[in-house]
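Structure, as structure tokens:
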Amino acid sequence: MEKSIRKYFPVFVLPTFAAFTAGFILPFLMGIGLSFCRFTTVTDAEFIGLGNYTKIISDATFVHALWFTALFTIVSVITINVLAFAIAMLLTKGIRGTNLFRTVFFMPNLIGGIVLGYIWQILLNGILENFGKTLTYSSAYGFWGLIILMNWQQIGYMMIIYIAGIQNIPDELIEAAKMDGAPAGKLLFHVTIPMVMPSITICTFLTLTNSFKLFDQNLALTAGEPSNRSQMLALNIFETFYSRSGWEGAGQAKAVVFFLIVALIAVAQNRLTRSKEVQQ
Amino acid sequence: MRRKLVSMALASVLTAAFFAGCGKAADDAGDNGNTTNDGNGTDSGTSVENAGGTEHGGTGTAAGSGAASGGSVYYLNFKPEQNDAWQELAELYTEQTGTEVVVITAADGTYEQTLKSEIAKTEAPTLFQVNGPVGLANWEDYCMDLSGSELYSHLTSGDYALKNDAGEVAGIAYVIETYGIIYNKKILEDYCTLENAVIGTPEEIDDFDTLKAVADDIQARREEINDTFGYELKGAFTSAGMDNSSDWRFKTHLANLPIYYEYRDRGIDSTDAIEGTYLNQYKQIWDLYLTDATCEPGLLSSKTGDESESEFGMEEAVFYQNGTWEYGNLTNPDNGYLVAAEDMSMMPVYIGVEGEENQGLCTGSENYWCVNSQASPEDQQATLDFLNWVITSDEGRDSMANDMGFTTPFDTFGEEYTADNVFIRADAAYTAAGKIPVTWNFSTIPSETWKDGVGSALLEYAQGTGSWDAVVTAFVDGWASEYAAAHE
């Protein structure tokens, strides 16, 4: 069996690989190539070297979007994971209606980002209207609006992962610790958390990359207003590419830089949390 | 052996299924613009949001005959207000000639990005539009020289052709439009009957000071007006929404006035550095829009163009800065607006410049048809034929003049095909009275980014989160830097 699988390996891999090449590898390479070009449409480009990269360094909106995104990522990774973990702890204690709660908390994750963005825009604007303001009044409103939105959307999903992790902890470990008289705090930090480290790896990875790459929610909730101050990186790249004539190449260069940053963060995070995982 | 056969069969089925899927997708993509079926509608629907909310597919019937004649037309339409009329016209043309015409309308404010992605496709638009010299600079490589076309020969004046640096006719204006301050004549006349009203008749408003005095008074006495005449006024002006469905009214159209007067003083028609000599007047009028309005300035960032329109339509405000293109929306019975067509009129946007009692409405064009130079010759010919039909046939002229309400610059539109509405009549009256129309100089604004910068600064000033100096900086310094960036 093993042998025949090896023999037909190309037959099984080829379709997916072809799709992956057409849908990912080629556009990716084309994108890198375009970042060194000046063009209006992607099929008609002229090589100009590093010009686009020098352009983006002097682009204040890009730098601002970078910091805004970084700050947003830090805050949302912390809030989402802490809250999701806390809820997961509560919902593994066997209280009544556990399944109902789990379902309800998970449901926001099923709604698409754009829809969610507009729903929260209406909700938050409805509240802010009482104070004569709107979400796009200043970037601080947009920032916290996005944090609320992302928390609402992602907590349920991360909660499910944490619940699976917590349920995987062998009961005897907890019992043994309790018998040794470990207080709740110690139990949490020295038994539970080390044991769910694999879940934490996954959840931080997901929230980190999701937050950094956030686009639809940003577009729907504030569209970067006011003055691009609530604009995150992905939206900034999109706007540079589409809304600024002559800057298509710069938008592409930003996308390459963006890829490098996300890849770097993801690898670093993975290393860091992996090293803390314990073998059961 | 048998097992081997089975696994071979399974593997080939898998591969076949994959490629079948591929083939279908390719077919669908090919359909876009080539034959008019649902595949086309959905394919484009993913990238183009149709603002009119109607089907994209357009014609739908004569797919076969369209292919027979060789060329086809794909028009990427800029104006959502006229989407329905274009769809009907396209369908009619296909019925008559067999050439199929696909009209797709980009959603409000997304034309450039839609064009950018559509034109890179194999089935690219054969007909699109640019908004003037600055827009042309970006799309020059895609604009065919139209100087030999019949379309060009029908222009009443060479001024309506957009020429590139080489002197070729790259674009042809198809609509002449006018904007100003639309006002509700009925409410204004009722106001004039009040005791201590600032003016006796609406016509007395012929400069900024009078406009401001009237607006301030209406704003202050709106309760009294409501009680006396049974209106539900919320303010003198409609909300100056800064959502991107509305902010162009201020960062582009209103900004045209200080640009116009500066150009006039300096005797130029474009510049690499604006001085901002009339920015104080720009501030005056913006302040007026903000203070005598239906809503708190803090809410402006999310107020849309539709809200502003409906405030005027529902008689919640007297003044509304917009243009002739709004006539259709304001009189469309589906909208259920209270204001009657004959109660509307338009006055110039007075900003407080000396001698402005002789100022007329702002008239010009920022809509130029361009034929895609990279389309196949058959498609180009089909496109030119279609345009020719639009401006010479009875159906085409009727649709453009009456359904779309366009004032066109073509000599084929005689008396019988003259768009007629209260705003166009108001413009004609001002011109007849010897007022000087304000030209559209905003087409020389160096980039969209400049407009965004000014728009954001205007909003922040309105909210109180920014100062007027930021508007000046965005206006003056932004102009220089954006001009430099666009001409590097």
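Naming scheme: A, B, ... for chains in displayed order of the structure tokens; residues 1 onward per chain; ligands 1 onward as shown.
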
So that I can check the surroundings of Ser139 (chain A), please list as an mmCIF file with C-alpha atoms, in the first residue's frame every protein, DNA and RNA residue that reaches within 9 Å of it, counting only C-alpha atoms and ignoring chain neighbours fewer than 5 positions away.
```cif
data_model
loop_
_atom_site.group_PDB
_atom_site.id
_atom_site.type_symbol
_atom_site.label_atom_id
_atom_site.label_comp_id
_atom_site.auth_asym_id
_atom_site.auth_seq_id
_atom_site.Cartn_x
_atom_site.Cartn_y
_atom_site.Cartn_z
ATOM 1 C CA TRP A 144 -11.629 50.616 20.387
ATOM 2 C CA THR A 222 -14.343 53.012 9.718
ATOM 3 C CA GLY A 224 -9.715 54.301 7.757
ATOM 4 C CA GLU A 225 -11.421 57.553 8.669
ATOM 5 C CA PRO A 226 -10.695 60.148 9.922
ATOM 6 C CA SER A 227 -7.743 61.168 7.740
ATOM 7 C CA ASN A 228 -6.547 57.563 7.409
ATOM 8 C CA ARG A 229 -5.825 57.563 11.150
ATOM 9 C CA SER A 230 -7.733 54.347 11.780
ATOM 10 C CA GLN A 231 -6.343 52.700 8.706
#
```

Just the residues within 7 Å of region 135-149 of chain B, please, counting only C-alpha atoms, with nothing from its chain fewer than 2 positions along; format it as a VMD selection string.
-> (chain A and resid 245) or (chain B and resid 130 to 133 151 to 153 168 to 170 370 to 374)

Let's have the selection written as a PDB file, in the first residue's frame, with C-alpha atoms.
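Below is the file out.pdb, written as the result:
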```
ATOM      1  CA  SER A 245      -2.741  56.877  -9.534  1.00  0.00           C
TER       2      SER A 245
ATOM      3  CA  VAL B 130     -11.931  59.851 -17.496  1.00  0.00           C
ATOM      4  CA  ASN B 131     -12.695  62.935 -15.457  1.00  0.00           C
ATOM      5  CA  GLY B 132     -10.417  65.457 -17.141  1.00  0.00           C
ATOM      6  CA  PRO B 133      -6.749  66.181 -17.802  1.00  0.00           C
ATOM      7  CA  LEU B 151     -18.728  61.440 -32.569  1.00  0.00           C
ATOM      8  CA  TYR B 152     -16.073  64.141 -32.544  1.00  0.00           C
ATOM      9  CA  SER B 153     -17.468  65.797 -35.647  1.00  0.00           C
ATOM     10  CA  GLU B 168      -4.878  63.915 -30.081  1.00  0.00           C
ATOM     11  CA  VAL B 169      -8.502  63.794 -29.077  1.00  0.00           C
ATOM     12  CA  ALA B 170      -8.408  61.324 -26.206  1.00  0.00           C
ATOM     13  CA  CYS B 370     -12.758  57.293 -24.029  1.00  0.00           C
ATOM     14  CA  VAL B 371     -12.525  54.314 -26.354  1.00  0.00           C
ATOM     15  CA  ASN B 372     -10.065  51.649 -25.272  1.00  0.00           C
ATOM     16  CA  SER B 373      -7.121  51.800 -27.649  1.00  0.00           C
ATOM     17  CA  GLN B 374      -6.069  48.302 -26.669  1.00  0.00           C
TER      18      GLN B 374
END
```

For chain A, which residues have at least one atom within 10 Å of chain B, if we go by only C-alpha atoms? Write them as a ChimeraX atom specification, please.
-> /A:4-5,8,11-16,18-19,39-44,121,125,128-129,131-138,222-223,225-228,238-248

File dump, residues just selected, C-alpha atoms, as a JSON list (two decimals), in the first residue's frame:
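Output file out_3.json is given in full below:
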```
[["chain", "number", "residue", "atom", "x", "y", "z"],
["A", 4, "SER", "CA", 1.72, 2.26, -4.40],
["A", 5, "ILE", "CA", 0.97, 5.52, -2.68],
["A", 8, "TYR", "CA", 1.09, 7.46, -7.58],
["A", 11, "VAL", "CA", -1.07, 11.80, -9.70],
["A", 12, "PHE", "CA", -2.59, 12.70, -6.37],
["A", 13, "VAL", "CA", -0.55, 15.79, -5.77],
["A", 14, "LEU", "CA", -0.67, 17.25, -9.23],
["A", 15, "PRO", "CA", -4.21, 18.67, -9.24],
["A", 16, "THR", "CA", -3.78, 20.43, -5.93],
["A", 18, "ALA", "CA", -1.46, 22.92, -10.11],
["A", 19, "ALA", "CA", -4.19, 24.86, -8.35],
["A", 39, "PHE", "CA", 2.43, 50.23, -13.99],
["A", 40, "THR", "CA", -1.24, 51.15, -14.30],
["A", 41, "THR", "CA", -2.58, 47.70, -15.03],
["A", 42, "VAL", "CA", -0.82, 44.55, -13.88],
["A", 43, "THR", "CA", -0.40, 43.20, -17.38],
["A", 44, "ASP", "CA", 1.61, 46.14, -18.64],
["A", 121, "GLN", "CA", -20.93, 50.47, 13.01],
["A", 125, "ASN", "CA", -22.79, 54.93, 16.17],
["A", 128, "LEU", "CA", -22.10, 57.59, 20.25],
["A", 129, "GLU", "CA", -24.91, 59.63, 18.70],
["A", 131, "PHE", "CA", -22.84, 62.27, 22.69],
["A", 132, "GLY", "CA", -23.00, 64.01, 19.30],
["A", 133, "LYS", "CA", -20.16, 61.92, 17.91],
["A", 134, "THR", "CA", -19.59, 59.04, 15.56],
["A", 135, "LEU", "CA", -17.08, 56.23, 15.24],
["A", 136, "THR", "CA", -15.02, 58.20, 12.77],
["A", 137, "TYR", "CA", -14.88, 61.24, 15.03],
["A", 138, "SER", "CA", -11.36, 60.31, 16.06],
["A", 222, "THR", "CA", -14.34, 53.01, 9.72],
["A", 223, "ALA", "CA", -12.80, 52.70, 6.24],
["A", 225, "GLU", "CA", -11.42, 57.55, 8.67],
["A", 226, "PRO", "CA", -10.69, 60.15, 9.92],
["A", 227, "SER", "CA", -7.74, 61.17, 7.74],
["A", 228, "ASN", "CA", -6.55, 57.56, 7.41],
["A", 238, "PHE", "CA", -5.41, 48.40, -0.84],
["A", 239, "GLU", "CA", -5.94, 52.16, -0.90],
["A", 240, "THR", "CA", -2.44, 52.82, -2.18],
["A", 241, "PHE", "CA", -2.89, 50.37, -4.97],
["A", 242, "TYR", "CA", -6.36, 51.35, -6.08],
["A", 243, "SER", "CA", -6.98, 54.92, -5.08],
["A", 244, "ARG", "CA", -3.74, 56.61, -5.94],
["A", 245, "SER", "CA", -2.74, 56.88, -9.53],
["A", 246, "GLY", "CA", 0.95, 56.36, -10.08],
["A", 247, "TRP", "CA", 1.29, 54.50, -6.77],
["A", 248, "GLU", "CA", 0.28, 51.03, -7.91]]
```

Using only C-alpha atoms, which protein or nucleic acid residues come within 8 Å of Ser199 (chain A)? Drop anything in the same chain fewer than 4 positions from it, and give the result as an mmCIF file with N, CA and C atoms, in the first residue's frame.
```
data_model
loop_
_atom_site.group_PDB
_atom_site.id
_atom_site.type_symbol
_atom_site.label_atom_id
_atom_site.label_comp_id
_atom_site.auth_asym_id
_atom_site.auth_seq_id
_atom_site.Cartn_x
_atom_site.Cartn_y
_atom_site.Cartn_z
ATOM 1 N N ILE A 161 -11.111 26.255 21.078
ATOM 2 C CA ILE A 161 -9.786 25.628 21.087
ATOM 3 C C ILE A 161 -9.288 25.434 22.516
ATOM 4 N N TYR A 162 -9.515 26.462 23.348
ATOM 5 C CA TYR A 162 -9.072 26.347 24.743
ATOM 6 C C TYR A 162 -9.852 25.257 25.475
ATOM 7 N N GLY A 165 -8.368 22.058 24.731
ATOM 8 C CA GLY A 165 -7.101 21.907 25.442
ATOM 9 C C GLY A 165 -7.303 21.580 26.894
ATOM 10 N N CYS A 203 -3.789 29.500 19.357
ATOM 11 C CA CYS A 203 -4.655 30.672 19.501
ATOM 12 C C CYS A 203 -3.885 31.967 19.319
#
```

Neighbour list for Ile155 (chain A) as a count of residues only, cut-off 10 Å, only C-alpha atoms, skip fewer than 2 positions in-chain = 23

Atom pair CA of Phe312 (chain B) / CA of Thr291 (chain B): separation (Å) |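 CA of Thr291 (chain B) lies at a distance of 16.6 Å from CA of Phe312 (chain B).
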
Spatial neighbours of region 413-418 of chain B, 8 Å, only C-alpha atoms, chain gap at least 5 places, as an MDAnalysis selection string | chainID B and resid 391:392 397:398 401:402 407:408

Store the residues picked out above in a file with C-alpha atoms, as a PDB file, in the first residue's frame.
```pdb
ATOM      1  CA  ILE B 391     -26.262  60.578 -30.176  1.00  0.00           C
ATOM      2  CA  THR B 392     -28.057  60.365 -33.532  1.00  0.00           C
ATOM      3  CA  ARG B 397     -31.270  61.094 -28.015  1.00  0.00           C
ATOM      4  CA  ASP B 398     -34.536  60.693 -26.178  1.00  0.00           C
ATOM      5  CA  ALA B 401     -31.972  64.082 -22.988  1.00  0.00           C
ATOM      6  CA  ASN B 402     -35.103  62.939 -21.212  1.00  0.00           C
ATOM      7  CA  THR B 407     -27.419  68.502 -21.459  1.00  0.00           C
ATOM      8  CA  THR B 408     -25.142  67.301 -24.208  1.00  0.00           C
TER       9      THR B 408
END
```

Name the residues in contact with Gln167 (chain A) at a cut-off of 10 Å, using only C-alpha atoms, excluding same-chain residues fewer than 3 positions from it; report them as a compact mmCIF listing (two decimals) with C-alpha atoms, in the first residue's frame.
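Result went into selection.txt, see below:
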```txt
# COMPACT_ATOMS: atom_id res chain seq x y z
CA ALA A 88 -13.21 28.37 28.45
CA MET A 89 -12.34 27.81 32.13
CA THR A 92 -15.46 23.46 31.56
CA TYR A 162 -9.07 26.35 24.74
CA ILE A 163 -11.94 24.13 25.87
CA ALA A 164 -10.49 21.26 23.86
CA PRO A 170 -5.56 14.39 32.62
CA ASP A 171 -7.80 14.56 35.70
CA VAL A 196 -2.76 23.91 27.43
```

Name all residues at most 7 Å from region 74-81 of chain B (count only C-alpha atoms; drop same-chain ones fewer than 5 positions away) and give them as a tab-separated table (two decimals) with C-alpha atoms, in the first residue's frame.
```tsv
chain	number	residue	atom	x	y	z
B	33	GLY	CA	-18.40	40.96	-22.13
B	51	ALA	CA	-25.11	50.94	-7.29
B	52	GLY	CA	-28.42	50.95	-9.07
B	101	VAL	CA	-23.69	45.96	-25.35
B	102	VAL	CA	-22.82	45.33	-21.76
B	103	VAL	CA	-23.16	48.22	-19.37
B	104	ILE	CA	-21.68	47.90	-15.93
B	105	THR	CA	-21.85	50.66	-13.41
B	106	ALA	CA	-19.21	51.16	-10.76
B	107	ALA	CA	-20.49	51.93	-7.29
B	108	ASP	CA	-20.29	55.52	-6.10
B	111	TYR	CA	-14.84	54.10	-10.54
B	125	PRO	CA	-14.16	47.75	-21.16
B	126	THR	CA	-14.19	49.10	-24.71
B	127	LEU	CA	-15.73	52.32	-23.51
B	128	PHE	CA	-14.87	54.03	-20.25
```

What does the distance between CA of Gly355 (chain B) and CA of Pro202 (chain B) come to in Å, to one decimal place?
->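 These two atoms are separated by 19.0 Å.
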
Record the distance separating CA of Phe259 (chain A) and CA of Trp67 (chain A), expressed in Å with one decimal.
->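 Distance reported for this atom pair: 15.9 Å.
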
From a DSSP calculation on the backbone, collect every residue of region 366-428 of chain B in strand (DSSP E or B) and output the set as a PDB file with N, CA and C atoms, in the first residue's frame.
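Heads up, here's the output in selection_16.pdb:
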```
ATOM      1  N   TYR B 368     -15.771  62.388 -19.671  1.00  0.00           N
ATOM      2  CA  TYR B 368     -15.301  62.265 -21.047  1.00  0.00           C
ATOM      3  C   TYR B 368     -15.297  60.793 -21.445  1.00  0.00           C
ATOM      4  N   TRP B 369     -15.931  60.511 -22.569  1.00  0.00           N
ATOM      5  CA  TRP B 369     -15.904  59.154 -23.089  1.00  0.00           C
ATOM      6  C   TRP B 369     -14.546  58.872 -23.707  1.00  0.00           C
ATOM      7  N   CYS B 370     -13.998  57.714 -23.402  1.00  0.00           N
ATOM      8  CA  CYS B 370     -12.758  57.293 -24.029  1.00  0.00           C
ATOM      9  C   CYS B 370     -12.967  55.895 -24.589  1.00  0.00           C
ATOM     10  N   VAL B 371     -12.427  55.648 -25.767  1.00  0.00           N
ATOM     11  CA  VAL B 371     -12.525  54.314 -26.354  1.00  0.00           C
ATOM     12  C   VAL B 371     -11.186  53.622 -26.135  1.00  0.00           C
ATOM     13  N   ASN B 372     -11.258  52.394 -25.649  1.00  0.00           N
ATOM     14  CA  ASN B 372     -10.065  51.649 -25.272  1.00  0.00           C
ATOM     15  C   ASN B 372      -9.190  51.368 -26.495  1.00  0.00           C
ATOM     16  N   THR B 407     -27.643  67.459 -20.473  1.00  0.00           N
ATOM     17  CA  THR B 407     -27.419  68.502 -21.459  1.00  0.00           C
ATOM     18  C   THR B 407     -26.158  68.080 -22.186  1.00  0.00           C
ATOM     19  N   PHE B 410     -23.496  67.904 -28.153  1.00  0.00           N
ATOM     20  CA  PHE B 410     -23.518  67.443 -29.543  1.00  0.00           C
ATOM     21  C   PHE B 410     -24.536  68.219 -30.373  1.00  0.00           C
TER      22      PHE B 410
END
```

I need the alpha helix (DSSP H) residues of region 68-129 of chain A per DSSP on the backbone, written as a CSV table (one decimal) with N, CA and C atoms, in the first residue's frame.
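Output below, filename part-v4.csv:
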```csv
chain,number,residue,atom,x,y,z
A,68,PHE,N,-0.3,51.7,14.0
A,68,PHE,CA,-1.7,51.5,14.4
A,68,PHE,C,-2.0,50.0,14.5
A,69,THR,N,-1.5,49.3,13.4
A,69,THR,CA,-1.8,47.9,13.3
A,69,THR,C,-1.0,47.1,14.4
A,70,ALA,N,0.2,47.6,14.7
A,70,ALA,CA,1.0,46.9,15.7
A,70,ALA,C,0.3,47.0,17.1
A,71,LEU,N,-0.2,48.2,17.4
A,71,LEU,CA,-0.8,48.5,18.7
A,71,LEU,C,-2.1,47.7,18.7
A,72,PHE,N,-2.8,47.7,17.7
A,72,PHE,CA,-4.1,47.0,17.6
A,72,PHE,C,-3.8,45.5,17.8
A,73,THR,N,-2.8,45.0,17.2
A,73,THR,CA,-2.5,43.5,17.4
A,73,THR,C,-2.2,43.2,18.8
A,74,ILE,N,-1.3,44.0,19.4
A,74,ILE,CA,-1.0,43.7,20.8
A,74,ILE,C,-2.2,43.7,21.7
A,75,VAL,N,-3.0,44.7,21.6
A,75,VAL,CA,-4.2,44.8,22.5
A,75,VAL,C,-5.2,43.7,22.2
A,76,SER,N,-5.4,43.4,20.9
A,76,SER,CA,-6.4,42.4,20.6
A,76,SER,C,-5.9,41.0,20.9
A,77,VAL,N,-4.7,40.7,20.7
A,77,VAL,CA,-4.2,39.4,21.1
A,77,VAL,C,-4.3,39.1,22.6
A,78,ILE,N,-4.0,40.1,23.4
A,78,ILE,CA,-4.1,40.0,24.8
A,78,ILE,C,-5.6,39.8,25.2
A,79,THR,N,-6.4,40.8,24.8
A,79,THR,CA,-7.8,40.7,25.3
A,79,THR,C,-8.5,39.4,24.8
A,80,ILE,N,-8.3,39.1,23.5
A,80,ILE,CA,-9.0,37.9,23.0
A,80,ILE,C,-8.6,36.7,23.7
A,81,ASN,N,-7.3,36.5,23.9
A,81,ASN,CA,-6.8,35.2,24.5
A,81,ASN,C,-7.2,35.2,26.0
A,82,VAL,N,-7.0,36.3,26.7
A,82,VAL,CA,-7.4,36.2,28.1
A,82,VAL,C,-8.8,35.9,28.3
A,83,LEU,N,-9.7,36.7,27.6
A,83,LEU,CA,-11.1,36.5,27.7
A,83,LEU,C,-11.5,35.1,27.3
A,84,ALA,N,-11.0,34.7,26.1
A,84,ALA,CA,-11.4,33.4,25.6
A,84,ALA,C,-11.0,32.3,26.6
A,85,PHE,N,-9.8,32.4,27.2
A,85,PHE,CA,-9.3,31.4,28.1
A,85,PHE,C,-10.2,31.4,29.4
A,86,ALA,N,-10.5,32.6,29.8
A,86,ALA,CA,-11.4,32.7,31.0
A,86,ALA,C,-12.8,32.1,30.8
A,87,ILE,N,-13.3,32.3,29.6
A,87,ILE,CA,-14.6,31.8,29.3
A,87,ILE,C,-14.5,30.2,29.2
A,88,ALA,N,-13.4,29.8,28.6
A,88,ALA,CA,-13.2,28.4,28.4
A,88,ALA,C,-13.1,27.7,29.8
A,89,MET,N,-12.4,28.3,30.8
A,89,MET,CA,-12.3,27.8,32.1
A,89,MET,C,-13.7,27.7,32.7
A,90,LEU,N,-14.5,28.8,32.6
A,90,LEU,CA,-15.9,28.8,33.2
A,90,LEU,C,-16.7,27.6,32.5
A,98,THR,N,-24.0,24.6,29.7
A,98,THR,CA,-22.7,24.8,29.1
A,98,THR,C,-22.7,24.7,27.6
A,99,ASN,N,-23.4,23.8,27.1
A,99,ASN,CA,-23.5,23.6,25.6
A,99,ASN,C,-24.1,24.8,24.9
A,100,LEU,N,-25.2,25.3,25.6
A,100,LEU,CA,-25.9,26.5,25.0
A,100,LEU,C,-24.9,27.7,25.0
A,101,PHE,N,-24.2,27.9,26.1
A,101,PHE,CA,-23.3,29.0,26.1
A,101,PHE,C,-22.2,28.9,25.1
A,102,ARG,N,-21.7,27.7,25.0
A,102,ARG,CA,-20.6,27.5,24.0
A,102,ARG,C,-21.1,27.8,22.6
A,103,THR,N,-22.3,27.4,22.3
A,103,THR,CA,-22.8,27.6,21.0
A,103,THR,C,-23.0,29.1,20.7
A,104,VAL,N,-23.6,29.7,21.7
A,104,VAL,CA,-23.9,31.2,21.6
A,104,VAL,C,-22.6,32.0,21.4
A,105,PHE,N,-21.6,31.6,22.2
A,105,PHE,CA,-20.3,32.4,22.1
A,105,PHE,C,-19.6,32.1,20.8
A,106,PHE,N,-19.8,31.0,20.2
A,106,PHE,CA,-19.2,30.6,19.0
A,106,PHE,C,-19.8,31.3,17.8
A,113,GLY,N,-16.9,39.2,8.0
A,113,GLY,CA,-16.3,40.4,8.6
A,113,GLY,C,-17.0,41.7,8.1
A,114,ILE,N,-17.4,41.8,6.9
A,114,ILE,CA,-18.0,43.0,6.3
A,114,ILE,C,-19.3,43.2,7.0
A,115,VAL,N,-20.1,42.2,7.1
A,115,VAL,CA,-21.5,42.3,7.7
A,115,VAL,C,-21.3,42.7,9.2
A,116,LEU,N,-20.4,42.0,9.8
A,116,LEU,CA,-20.1,42.3,11.2
A,116,LEU,C,-19.7,43.8,11.4
A,117,GLY,N,-18.9,44.2,10.5
A,117,GLY,CA,-18.4,45.6,10.6
A,117,GLY,C,-19.5,46.6,10.5
A,118,TYR,N,-20.4,46.4,9.5
A,118,TYR,CA,-21.5,47.3,9.4
A,118,TYR,C,-22.5,47.2,10.6
A,119,ILE,N,-22.7,46.0,11.1
A,119,ILE,CA,-23.6,45.9,12.2
A,119,ILE,C,-23.1,46.6,13.4
A,120,TRP,N,-21.8,46.5,13.7
A,120,TRP,CA,-21.2,47.2,14.8
A,120,TRP,C,-21.1,48.7,14.6
A,121,GLN,N,-20.9,49.0,13.3
A,121,GLN,CA,-20.9,50.5,13.0
A,121,GLN,C,-22.3,51.1,13.4
A,122,ILE,N,-23.4,50.4,13.1
A,122,ILE,CA,-24.7,50.9,13.4
A,122,ILE,C,-24.8,50.9,15.0
A,123,LEU,N,-24.4,49.8,15.6
A,123,LEU,CA,-24.6,49.8,17.1
A,123,LEU,C,-23.8,50.9,17.8
A,124,LEU,N,-22.5,50.9,17.4
A,124,LEU,CA,-21.6,51.9,18.1
A,124,LEU,C,-22.0,53.3,17.8
A,125,ASN,N,-22.4,53.6,16.5
A,125,ASN,CA,-22.8,54.9,16.2
A,125,ASN,C,-24.1,55.3,16.9
A,126,GLY,N,-24.9,54.3,17.1
A,126,GLY,CA,-26.2,54.5,17.8
A,126,GLY,C,-25.9,55.0,19.3
A,127,ILE,N,-24.9,54.4,19.9
A,127,ILE,CA,-24.5,54.8,21.2
A,127,ILE,C,-23.9,56.2,21.2
A,128,LEU,N,-22.9,56.3,20.3
A,128,LEU,CA,-22.1,57.6,20.2
A,128,LEU,C,-23.0,58.8,19.9
```
